Protein chains: 2
Amino acid sequence: MKYSKQREKIQEYLKSVKTHPTANQIYSELIKEIPNLSLGTVYRNLDNLYTQGLIKKVRTYDDTDRFDGDLSMHYHVVCACCGKIEDGFDEYFDNISKKLEQNLDCKILSDNLIFNVLCSKCKDNLRRK
Amino acid sequence: MKYSKQREKIQEYLKSVKTHPTANQIYSELIKEIPNLSLGTVYRNLDNLYTQGLIKKVRTYDDTDRFDGDLSMHYHVVCACCGKIEDGFDEYFDNISKKLEQNLDCKILSDNLIFNVLCSKCKDNLRRK
DNA sequence: TTCTAAAATAGTAATGATTACTATTTTTAA
DNA sequence: TTAAAAATAGTAATCATTACTATTTTAGAA
């Protein structure tokens, strides 16, 4: 794989934010620095980076993929009401994946754990209505 | 929500199979019984059933949603090479979700845990090449 | 440094899953 | 039996993502 400024900037950007942006959001941000950036280039490089294991793909319950530069073992909590996305860490999650690789004799390429929730705030708001 | 034969058949079908079919696959199967069934009706009812918590939505890494009539707490293992989907059960998974609801004081509406793997067979096949 | 083939890009067109729309049919409760 | 509410079939529209192509960039050899 040859070097490209576009790919470097995409990876850099994903490492710098905790917002789990979509391809479109990444494009909108980076076009400020790279004025002739193409959306297709963003998609292609996100796919390259994902395939290489250099970024994570987060599939929430909405119709758009999100991307994450944080490679540590973690899951995501998405509020179905306000849309907020939070990271979640739990040693049990590591345990599940380790057991799985042993029991099935398989190699995990990537994982995606999403909890679609009603967050504390939104739950309280509903109660007041 | 009023009764509809279409919705009943969709739910029935999902309870009877372990294949995690797509909307299109469900449509192709049920049109044998309901000759004028519409794909839009399948999508609408899948969404109804999912929102009511009567079926699960499985989001693998391909671009198509899959559906599951098995409501027990389980995850899915998808081989990136041969496409095989297997169910996985682990008490740790229950633990993660229980802890999450307590710690964040939130209500889990649905969950989706996918492991994208190279299964045992495909791993061996690669080795031989 | 110059040259060249391979790989990447920008810009645009195509794809395909899903959703929206509307006239018609079905359900359900009075 | 009837009428309003909800569901359906069939079709059109949407929109995230992928494919395509002419041009540009990269990287290694001369």
# chains A, B, ... in the order shown; residues from 1 in each chain; ligands from 1
>>> select_by_dssp(residues="segment 32-68 of chain A", states="strand (DSSP E)", output="PyMOL selection string")
chain A and resi 56-58+66-68
>>> interface_residues(of="chain B", to="chain C", cutoff="10 Å", atoms="only C-alpha atoms (C1' of nucleotides)", output="list of chain:residue names")
B:Lys2, B:Tyr3, B:Ser4, B:Ala23, B:Asn24, B:Gly40, B:Tyr43, B:Arg44, B:Asp63, B:Thr64, B:Asp65
>>> interface_residues(of="chain D", to="chain A", cutoff="10 Å", atoms="only C-alpha atoms (C1' of nucleotides)", output="list in words")
DC15, DA16, DT17, DT18, DT25, DT26 and DA27 of chain D
>>> write_last_selection(atoms="all heavy atoms", output="compact mmCIF listing (two decimals), in the first residue's frame")
# COMPACT_ATOMS: atom_id res chain seq x y z
P DC D 15 -32.63 11.61 1.61
OP1 DC D 15 -33.23 12.25 2.79
OP2 DC D 15 -32.13 12.40 0.47
O5' DC D 15 -31.43 10.70 2.12
C5' DC D 15 -31.69 9.37 2.59
C4' DC D 15 -30.44 8.53 2.38
O4' DC D 15 -30.60 7.73 1.19
C3' DC D 15 -29.15 9.34 2.16
O3' DC D 15 -28.11 8.64 2.76
C2' DC D 15 -28.98 9.30 0.64
C1' DC D 15 -29.41 7.86 0.42
N1 DC D 15 -29.72 7.47 -0.97
C2 DC D 15 -29.72 6.10 -1.28
O2 DC D 15 -29.48 5.29 -0.39
N3 DC D 15 -29.99 5.73 -2.55
C4 DC D 15 -30.23 6.65 -3.48
N4 DC D 15 -30.49 6.22 -4.71
C5 DC D 15 -30.24 8.05 -3.18
C6 DC D 15 -29.97 8.40 -1.92
P DA D 16 -27.06 9.34 3.75
OP1 DA D 16 -27.75 9.74 5.00
OP2 DA D 16 -26.34 10.33 2.93
O5' DA D 16 -26.06 8.15 4.11
C5' DA D 16 -26.57 7.02 4.77
C4' DA D 16 -25.95 5.78 4.18
O4' DA D 16 -26.38 5.62 2.81
C3' DA D 16 -24.42 5.77 4.16
O3' DA D 16 -23.99 4.52 4.65
C2' DA D 16 -24.07 5.99 2.69
C1' DA D 16 -25.26 5.36 1.98
N9 DA D 16 -25.58 5.92 0.67
C8 DA D 16 -25.76 7.24 0.34
N7 DA D 16 -26.06 7.43 -0.92
C5 DA D 16 -26.08 6.16 -1.46
C6 DA D 16 -26.34 5.69 -2.77
N6 DA D 16 -26.63 6.47 -3.80
N1 DA D 16 -26.27 4.35 -2.97
C2 DA D 16 -25.98 3.55 -1.94
N3 DA D 16 -25.73 3.88 -0.68
C4 DA D 16 -25.79 5.21 -0.50
P DT D 17 -22.43 4.23 4.89
OP1 DT D 17 -22.32 3.15 5.89
OP2 DT D 17 -21.71 5.51 5.07
O5' DT D 17 -22.00 3.61 3.48
C5' DT D 17 -22.58 2.37 3.11
C4' DT D 17 -22.22 2.05 1.67
O4' DT D 17 -22.74 3.06 0.78
C3' DT D 17 -20.71 1.99 1.38
O3' DT D 17 -20.40 0.63 1.13
C2' DT D 17 -20.53 2.89 0.16
C1' DT D 17 -21.94 3.04 -0.38
N1 DT D 17 -22.25 4.26 -1.14
C2 DT D 17 -22.62 4.13 -2.47
O2 DT D 17 -22.70 3.07 -3.04
N3 DT D 17 -22.91 5.33 -3.10
C4 DT D 17 -22.86 6.60 -2.56
O4 DT D 17 -23.13 7.59 -3.23
C5 DT D 17 -22.45 6.66 -1.17
C7 DT D 17 -22.37 7.98 -0.48
C6 DT D 17 -22.18 5.50 -0.53
P DT D 18 -18.94 0.19 0.68
OP1 DT D 18 -18.76 -1.19 1.14
OP2 DT D 18 -17.98 1.25 1.03
O5' DT D 18 -19.09 0.15 -0.90
C5' DT D 18 -20.17 -0.56 -1.46
C4' DT D 18 -20.06 -0.54 -2.98
O4' DT D 18 -20.43 0.77 -3.49
C3' DT D 18 -18.67 -0.85 -3.51
O3' DT D 18 -18.86 -1.82 -4.53
C2' DT D 18 -18.17 0.50 -4.03
C1' DT D 18 -19.46 1.20 -4.42
N1 DT D 18 -19.50 2.68 -4.35
C2 DT D 18 -19.98 3.38 -5.43
O2 DT D 18 -20.36 2.83 -6.46
N3 DT D 18 -20.02 4.74 -5.27
C4 DT D 18 -19.63 5.47 -4.16
O4 DT D 18 -19.72 6.69 -4.15
C5 DT D 18 -19.14 4.68 -3.06
C7 DT D 18 -18.70 5.37 -1.81
C6 DT D 18 -19.10 3.34 -3.20
P DT D 25 -0.61 15.74 -8.26
OP1 DT D 25 -0.96 16.73 -7.23
OP2 DT D 25 0.38 16.03 -9.32
O5' DT D 25 -0.14 14.40 -7.51
C5' DT D 25 -1.03 13.80 -6.58
C4' DT D 25 -0.42 12.51 -6.08
O4' DT D 25 -0.33 11.56 -7.15
C3' DT D 25 1.00 12.66 -5.51
O3' DT D 25 0.98 12.06 -4.25
C2' DT D 25 1.88 11.92 -6.52
C1' DT D 25 0.91 10.89 -7.08
N1 DT D 25 1.17 10.37 -8.45
C2 DT D 25 1.29 9.00 -8.63
O2 DT D 25 1.20 8.21 -7.72
N3 DT D 25 1.49 8.62 -9.93
C4 DT D 25 1.60 9.44 -11.04
O4 DT D 25 1.78 8.97 -12.16
C5 DT D 25 1.47 10.85 -10.77
C7 DT D 25 1.59 11.82 -11.91
C6 DT D 25 1.27 11.24 -9.51
P DT D 26 2.27 12.14 -3.27
OP1 DT D 26 1.73 12.32 -1.91
OP2 DT D 26 3.24 13.10 -3.86
O5' DT D 26 2.90 10.68 -3.35
C5' DT D 26 2.07 9.56 -3.05
C4' DT D 26 2.77 8.28 -3.45
O4' DT D 26 2.90 8.24 -4.88
C3' DT D 26 4.19 8.13 -2.89
O3' DT D 26 4.23 6.94 -2.14
C2' DT D 26 5.09 8.10 -4.13
C1' DT D 26 4.13 7.64 -5.22
N1 DT D 26 4.41 8.07 -6.61
C2 DT D 26 4.49 7.10 -7.60
O2 DT D 26 4.36 5.91 -7.37
N3 DT D 26 4.71 7.59 -8.85
C4 DT D 26 4.86 8.90 -9.23
O4 DT D 26 5.06 9.21 -10.41
C5 DT D 26 4.76 9.86 -8.16
C7 DT D 26 4.92 11.33 -8.47
C6 DT D 26 4.54 9.42 -6.90
P DA D 27 5.44 6.57 -1.19
OP1 DA D 27 4.95 5.67 -0.13
OP2 DA D 27 6.15 7.82 -0.87
O5' DA D 27 6.37 5.70 -2.15
C5' DA D 27 5.84 4.52 -2.74
C4' DA D 27 6.90 3.87 -3.58
O4' DA D 27 6.99 4.53 -4.86
C3' DA D 27 8.32 3.95 -2.98
O3' DA D 27 9.01 2.76 -3.32
C2' DA D 27 8.93 5.14 -3.68
C1' DA D 27 8.33 4.98 -5.06
N9 DA D 27 8.27 6.19 -5.87
C8 DA D 27 8.30 7.49 -5.46
N7 DA D 27 8.21 8.36 -6.44
C5 DA D 27 8.13 7.56 -7.58
C6 DA D 27 8.02 7.87 -8.94
N6 DA D 27 7.98 9.12 -9.41
N1 DA D 27 7.96 6.83 -9.81
C2 DA D 27 8.00 5.59 -9.33
N3 DA D 27 8.11 5.18 -8.06
C4 DA D 27 8.16 6.23 -7.23
>>> interface_residues(of="chain A", to="chain B", cutoff="12 Å", atoms="only C-alpha atoms", output="PyMOL selection string")
chain A and resi 47+50-51+56-65+74-81+86-124
